[in-house]
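Data block below; observations after.
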Amino acid sequence: MRRVALVTLVVDDYDEAIRFYTEALGFRLAEDEPRPDGARWVVVVPGEGNDGTGLLLARAKDDAQRARVGDQTGGRVGFFLHTDDFARDHARMTAAGVTFLEEPRHEAYGSVVVFQDLYGNRWDLLQPAA
């Protein structure tokens, strides 16, 4: 079996990123280990029992990396969070202060809405059609 295990997301601060992903988006902190160079190995995953792709939250190390925080995909939606209950997750995320960039849409492929994370990266919250 092969799968994409982690995707790196460059962030400004470990703790604020952990707080956003766990509290606002409902992710689970899977790993948070110190590294010898003073960095941390921080992984968040979308939920309990998740064996899908996790996010490696990596603090920007220099000006070039800091310039990419929040714009890792050139302003396009770069991340897709699938859900089995669109209304539940949309309501919970709204209550947690997540910024949505549009009203929810119901398309042939499913229910979808674009939101941004705390740095401005664009995401789809998507419940695929049955």
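Ordering of the structure tokens sets the chain letters (A, B, ...); residue numbers start at 1 within each chain; ligands are numbered from 1 in the order shown.
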
Residue contacts of segment 64-81 of chain A (7 Å, only C-alpha atoms) excluding same-chain residues fewer than 5 positions away, as an mmCIF file with N, CA and C atoms, in the first residue's frame:
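Listed below is the output, around.cif:
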data_model
loop_
_atom_site.group_PDB
_atom_site.id
_atom_site.type_symbol
_atom_site.label_atom_id
_atom_site.label_comp_id
_atom_site.auth_asym_id
_atom_site.auth_seq_id
_atom_site.Cartn_x
_atom_site.Cartn_y
_atom_site.Cartn_z
ATOM 1 N N VAL A 10 3.554 25.513 6.015
ATOM 2 C CA VAL A 10 4.465 26.445 6.676
ATOM 3 C C VAL A 10 3.633 27.440 7.476
ATOM 4 N N VAL A 11 3.985 27.594 8.762
ATOM 5 C CA VAL A 11 3.226 28.436 9.687
ATOM 6 C C VAL A 11 4.159 29.431 10.375
ATOM 7 N N ASP A 12 3.563 30.461 10.973
ATOM 8 C CA ASP A 12 4.339 31.452 11.722
ATOM 9 C C ASP A 12 4.707 30.964 13.114
ATOM 10 N N TYR A 119 -3.893 31.723 8.470
ATOM 11 C CA TYR A 119 -2.872 32.443 7.703
ATOM 12 C C TYR A 119 -3.366 32.906 6.341
ATOM 13 N N GLY A 120 -4.555 32.458 5.929
ATOM 14 C CA GLY A 120 -5.102 32.856 4.637
ATOM 15 C C GLY A 120 -5.070 31.777 3.573
ATOM 16 N N ASN A 121 -4.511 30.602 3.876
ATOM 17 C CA ASN A 121 -4.564 29.497 2.912
ATOM 18 C C ASN A 121 -6.026 29.138 2.681
ATOM 19 N N ARG A 122 -6.365 28.874 1.422
ATOM 20 C CA ARG A 122 -7.748 28.541 1.083
ATOM 21 C C ARG A 122 -7.986 27.040 1.124
ATOM 22 N N TRP A 123 -9.141 26.679 1.678
ATOM 23 C CA TRP A 123 -9.566 25.294 1.857
ATOM 24 C C TRP A 123 -10.990 25.131 1.330
ATOM 25 N N ASP A 124 -11.333 23.940 0.890
ATOM 26 C CA ASP A 124 -12.723 23.542 0.654
ATOM 27 C C ASP A 124 -13.159 22.666 1.808
ATOM 28 N N LEU A 125 -14.314 22.972 2.396
ATOM 29 C CA LEU A 125 -15.022 22.018 3.245
ATOM 30 C C LEU A 125 -15.994 21.344 2.304
ATOM 31 N N LEU A 126 -15.917 20.032 2.181
ATOM 32 C CA LEU A 126 -16.657 19.326 1.148
ATOM 33 C C LEU A 126 -17.275 18.040 1.681
#

Problem - Neighbour list for segment 106-109 of chain A as a list in words, cut-off 12 Å, only C-alpha atoms, skip fewer than 4 positions in-chain - result: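 These residues fall inside the cut-off: Phe86, Ala87, Val113, Leu125, Leu126, Gln127, Pro128, Ala129 and Ala130 of chain A.
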
Practice task
Would you please work out which residue, of A:Glu31, A:Asp117, A:Asp13, A:Glu102, is nearest to Leu56 of chain A when using only C-alpha atoms?
Solution key: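 When distances to Leu56 of chain A are compared using only C-alpha atoms, the smallest one comes from A:Glu31.
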
Based on the backbone DSSP call, show me all residues of segment 2-106 of chain A assigned helix (DSSP H, G or I), as a compact mmCIF listing (two decimals) with all heavy atoms, in the first residue's frame.
# COMPACT_ATOMS: atom_id res chain seq x y z
N TYR A 14 4.04 27.60 16.01
CA TYR A 14 3.51 26.25 16.27
C TYR A 14 2.22 26.29 17.10
O TYR A 14 1.23 25.68 16.75
CB TYR A 14 4.52 25.39 17.02
CG TYR A 14 5.76 25.04 16.25
CD1 TYR A 14 7.00 25.47 16.68
CD2 TYR A 14 5.71 24.25 15.11
CE1 TYR A 14 8.16 25.13 15.99
CE2 TYR A 14 6.84 23.90 14.41
CZ TYR A 14 8.07 24.35 14.86
OH TYR A 14 9.21 24.02 14.17
N ASP A 15 2.28 26.99 18.22
CA ASP A 15 1.17 26.93 19.17
C ASP A 15 -0.10 27.56 18.62
O ASP A 15 -1.19 27.03 18.81
CB ASP A 15 1.56 27.53 20.51
CG ASP A 15 2.64 26.70 21.20
OD1 ASP A 15 2.57 25.45 21.12
OD2 ASP A 15 3.55 27.29 21.80
N GLU A 16 0.01 28.70 17.90
CA GLU A 16 -1.20 29.29 17.34
C GLU A 16 -1.77 28.41 16.23
O GLU A 16 -2.98 28.29 16.08
CB GLU A 16 -0.97 30.72 16.84
CG GLU A 16 -0.22 30.85 15.54
CD GLU A 16 -0.03 32.28 15.07
OE1 GLU A 16 -0.49 33.24 15.75
OE2 GLU A 16 0.57 32.46 14.00
N ALA A 17 -0.91 27.74 15.48
CA ALA A 17 -1.38 26.83 14.43
C ALA A 17 -2.06 25.61 15.05
O ALA A 17 -3.13 25.20 14.60
CB ALA A 17 -0.23 26.41 13.53
N ILE A 18 -1.46 25.04 16.09
CA ILE A 18 -2.08 23.90 16.78
C ILE A 18 -3.46 24.31 17.30
O ILE A 18 -4.44 23.58 17.12
CB ILE A 18 -1.20 23.39 17.93
CG1 ILE A 18 0.06 22.72 17.39
CG2 ILE A 18 -1.99 22.43 18.84
CD1 ILE A 18 1.11 22.45 18.46
N ARG A 19 -3.54 25.46 17.94
CA ARG A 19 -4.82 25.94 18.48
C ARG A 19 -5.88 26.06 17.38
O ARG A 19 -7.00 25.60 17.53
CB ARG A 19 -4.62 27.30 19.17
CG ARG A 19 -5.16 27.38 20.54
CD ARG A 19 -4.93 28.71 21.26
NE ARG A 19 -4.01 29.67 20.69
CZ ARG A 19 -2.70 29.72 20.95
NH1 ARG A 19 -2.14 28.84 21.76
NH2 ARG A 19 -1.94 30.64 20.40
N PHE A 20 -5.51 26.67 16.26
CA PHE A 20 -6.48 26.84 15.17
C PHE A 20 -6.95 25.50 14.63
O PHE A 20 -8.15 25.25 14.50
CB PHE A 20 -5.89 27.68 14.03
CG PHE A 20 -6.83 27.80 12.87
CD1 PHE A 20 -7.86 28.74 12.89
CD2 PHE A 20 -6.73 26.97 11.77
CE1 PHE A 20 -8.75 28.84 11.83
CE2 PHE A 20 -7.61 27.06 10.71
CZ PHE A 20 -8.63 28.00 10.74
N TYR A 21 -6.01 24.63 14.31
CA TYR A 21 -6.40 23.36 13.68
C TYR A 21 -7.15 22.44 14.64
O TYR A 21 -8.05 21.72 14.22
CB TYR A 21 -5.18 22.66 13.05
CG TYR A 21 -4.83 23.34 11.76
CD1 TYR A 21 -3.84 24.30 11.70
CD2 TYR A 21 -5.55 23.07 10.60
CE1 TYR A 21 -3.56 24.96 10.53
CE2 TYR A 21 -5.28 23.73 9.43
CZ TYR A 21 -4.28 24.69 9.40
OH TYR A 21 -4.02 25.36 8.23
N THR A 22 -6.81 22.47 15.92
CA THR A 22 -7.52 21.59 16.85
C THR A 22 -8.83 22.21 17.34
O THR A 22 -9.84 21.53 17.40
CB THR A 22 -6.64 21.21 18.05
OG1 THR A 22 -6.23 22.39 18.76
CG2 THR A 22 -5.43 20.41 17.61
N GLU A 23 -8.83 23.49 17.65
CA GLU A 23 -10.02 24.11 18.21
C GLU A 23 -11.01 24.56 17.14
O GLU A 23 -12.20 24.29 17.23
CB GLU A 23 -9.64 25.27 19.11
CG GLU A 23 -8.88 24.82 20.35
CD GLU A 23 -8.38 25.96 21.21
OE1 GLU A 23 -8.81 27.12 21.00
OE2 GLU A 23 -7.56 25.68 22.11
N ALA A 24 -10.55 25.25 16.11
CA ALA A 24 -11.47 25.79 15.09
C ALA A 24 -11.88 24.73 14.07
O ALA A 24 -13.03 24.70 13.65
CB ALA A 24 -10.83 26.99 14.39
N ASP A 63 13.29 34.27 5.75
CA ASP A 63 12.42 35.23 5.06
C ASP A 63 11.71 34.60 3.87
O ASP A 63 10.54 34.90 3.63
CB ASP A 63 13.22 36.45 4.61
CG ASP A 63 13.64 37.35 5.77
OD1 ASP A 63 13.02 37.23 6.86
OD2 ASP A 63 14.56 38.15 5.59
N ALA A 64 12.38 33.75 3.13
CA ALA A 64 11.76 33.12 1.97
C ALA A 64 10.58 32.25 2.40
O ALA A 64 9.51 32.28 1.77
CB ALA A 64 12.78 32.29 1.19
N GLN A 65 10.73 31.49 3.47
CA GLN A 65 9.63 30.67 3.96
C GLN A 65 8.53 31.52 4.58
O GLN A 65 7.34 31.27 4.36
CB GLN A 65 10.13 29.63 4.98
CG GLN A 65 10.96 28.54 4.33
CD GLN A 65 11.43 27.50 5.33
OE1 GLN A 65 11.00 27.46 6.48
NE2 GLN A 65 12.33 26.64 4.87
N ARG A 66 8.91 32.57 5.32
CA ARG A 66 7.90 33.45 5.91
C ARG A 66 7.05 34.11 4.83
O ARG A 66 5.86 34.33 5.01
CB ARG A 66 8.55 34.51 6.81
CG ARG A 66 8.85 33.98 8.21
CD ARG A 66 9.34 35.08 9.15
NE ARG A 66 10.71 35.49 8.86
CZ ARG A 66 11.80 34.80 9.19
NH1 ARG A 66 11.69 33.65 9.83
NH2 ARG A 66 12.99 35.26 8.91
N ALA A 67 7.64 34.40 3.68
CA ALA A 67 6.91 35.02 2.58
C ALA A 67 5.84 34.08 2.01
O ALA A 67 4.88 34.54 1.38
CB ALA A 67 7.87 35.45 1.47
N ARG A 68 5.99 32.78 2.21
CA ARG A 68 5.03 31.80 1.67
C ARG A 68 3.92 31.46 2.65
O ARG A 68 2.94 30.83 2.26
CB ARG A 68 5.76 30.50 1.27
CG ARG A 68 6.87 30.67 0.25
CD ARG A 68 6.50 31.48 -0.96
NE ARG A 68 5.32 30.97 -1.64
CZ ARG A 68 4.64 31.65 -2.56
NH1 ARG A 68 5.02 32.85 -2.91
NH2 ARG A 68 3.59 31.13 -3.12
N PHE A 86 -21.82 17.93 6.46
CA PHE A 86 -21.48 19.29 6.06
C PHE A 86 -22.10 20.32 7.01
O PHE A 86 -21.41 21.23 7.49
CB PHE A 86 -21.94 19.54 4.62
CG PHE A 86 -21.59 20.89 4.10
CD1 PHE A 86 -20.35 21.13 3.51
CD2 PHE A 86 -22.49 21.94 4.18
CE1 PHE A 86 -20.02 22.38 3.03
CE2 PHE A 86 -22.17 23.20 3.70
CZ PHE A 86 -20.93 23.42 3.12
N ALA A 87 -23.41 20.21 7.26
CA ALA A 87 -24.10 21.20 8.09
C ALA A 87 -23.49 21.27 9.49
O ALA A 87 -23.28 22.35 10.04
CB ALA A 87 -25.59 20.88 8.15
N ARG A 88 -23.20 20.12 10.09
CA ARG A 88 -22.60 20.08 11.43
C ARG A 88 -21.26 20.80 11.45
O ARG A 88 -21.01 21.67 12.29
CB ARG A 88 -22.41 18.62 11.87
CG ARG A 88 -21.67 18.44 13.20
CD ARG A 88 -21.08 17.05 13.36
NE ARG A 88 -20.03 16.82 12.36
CZ ARG A 88 -19.75 15.62 11.84
NH1 ARG A 88 -20.41 14.55 12.20
NH2 ARG A 88 -18.78 15.50 10.94
N ASP A 89 -20.39 20.43 10.51
CA ASP A 89 -19.04 21.01 10.52
C ASP A 89 -19.05 22.48 10.14
O ASP A 89 -18.30 23.27 10.71
CB ASP A 89 -18.11 20.21 9.62
CG ASP A 89 -17.77 18.85 10.23
OD1 ASP A 89 -17.92 18.69 11.45
OD2 ASP A 89 -17.36 17.96 9.48
N HIS A 90 -19.89 22.87 9.20
CA HIS A 90 -19.99 24.28 8.83
C HIS A 90 -20.45 25.11 10.03
O HIS A 90 -19.88 26.16 10.33
CB HIS A 90 -20.93 24.46 7.63
CG HIS A 90 -21.05 25.88 7.19
ND1 HIS A 90 -22.11 26.67 7.54
CD2 HIS A 90 -20.21 26.65 6.44
CE1 HIS A 90 -21.94 27.87 7.02
NE2 HIS A 90 -20.80 27.89 6.35
N ALA A 91 -21.48 24.63 10.74
CA ALA A 91 -21.98 25.34 11.91
C ALA A 91 -20.92 25.43 13.01
O ALA A 91 -20.73 26.49 13.62
CB ALA A 91 -23.25 24.67 12.44
N ARG A 92 -20.22 24.33 13.28
CA ARG A 92 -19.20 24.32 14.32
C ARG A 92 -18.06 25.26 13.98
O ARG A 92 -17.57 26.02 14.81
CB ARG A 92 -18.67 22.89 14.54
CG ARG A 92 -17.81 22.77 15.80
CD ARG A 92 -17.19 21.41 15.95
NE ARG A 92 -16.28 21.09 14.87
CZ ARG A 92 -15.09 21.71 14.67
NH1 ARG A 92 -14.69 22.66 15.46
NH2 ARG A 92 -14.32 21.35 13.67
N MET A 93 -17.63 25.23 12.71
CA MET A 93 -16.52 26.09 12.28
C MET A 93 -16.94 27.56 12.30
O MET A 93 -16.14 28.43 12.68
CB MET A 93 -16.04 25.65 10.90
CG MET A 93 -15.33 24.29 10.93
SD MET A 93 -15.12 23.54 9.30
CE MET A 93 -14.04 24.73 8.49
N THR A 94 -18.17 27.84 11.92
CA THR A 94 -18.68 29.22 11.97
C THR A 94 -18.66 29.72 13.41
O THR A 94 -18.18 30.83 13.69
CB THR A 94 -20.10 29.30 11.38
OG1 THR A 94 -20.06 28.90 10.01
CG2 THR A 94 -20.67 30.70 11.49
N ALA A 95 -19.14 28.90 14.33
CA ALA A 95 -19.16 29.27 15.75
C ALA A 95 -17.75 29.47 16.30
O ALA A 95 -17.54 30.27 17.21
CB ALA A 95 -19.90 28.21 16.56

Practice task
Could you give me the residues within chain A that DSSP places in strand (DSSP E), as a PyMOL selection string?
Solution key: chain A and resi 6-11+28-34+40-45+54-59+77-82+99-100+105-107+110-116+122-128

Exercise for the section: Select, from A:Gly47, A:Asp85, A:Phe27, A:Arg40, the residue with the minimum atom-to-atom distance to Ser111 of chain A, counting only C-alpha atoms. Expected result: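 Going through A:Gly47, A:Asp85, A:Phe27, A:Arg40 one by one, the smallest distance to Ser111 of chain A is for A:Asp85.
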
Exercise for the section: Rank nothing, just name the residue among A:Thr53, A:Leu101, A:Gly26, A:His82 nearest to Val7 of chain A, using only C-alpha atoms. Expected result: A:Thr53

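Each of A:Gly52, A:Thr99, A:Ala60, A:Arg105 was compared to Arg2 of chain A using only C-alpha atoms, and A:Gly52 turns out to be the nearest.
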
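Coordinates place atom CA of Gln116 of chain A at a distance of 13.2 Å from atom CA of Glu103 of chain A.
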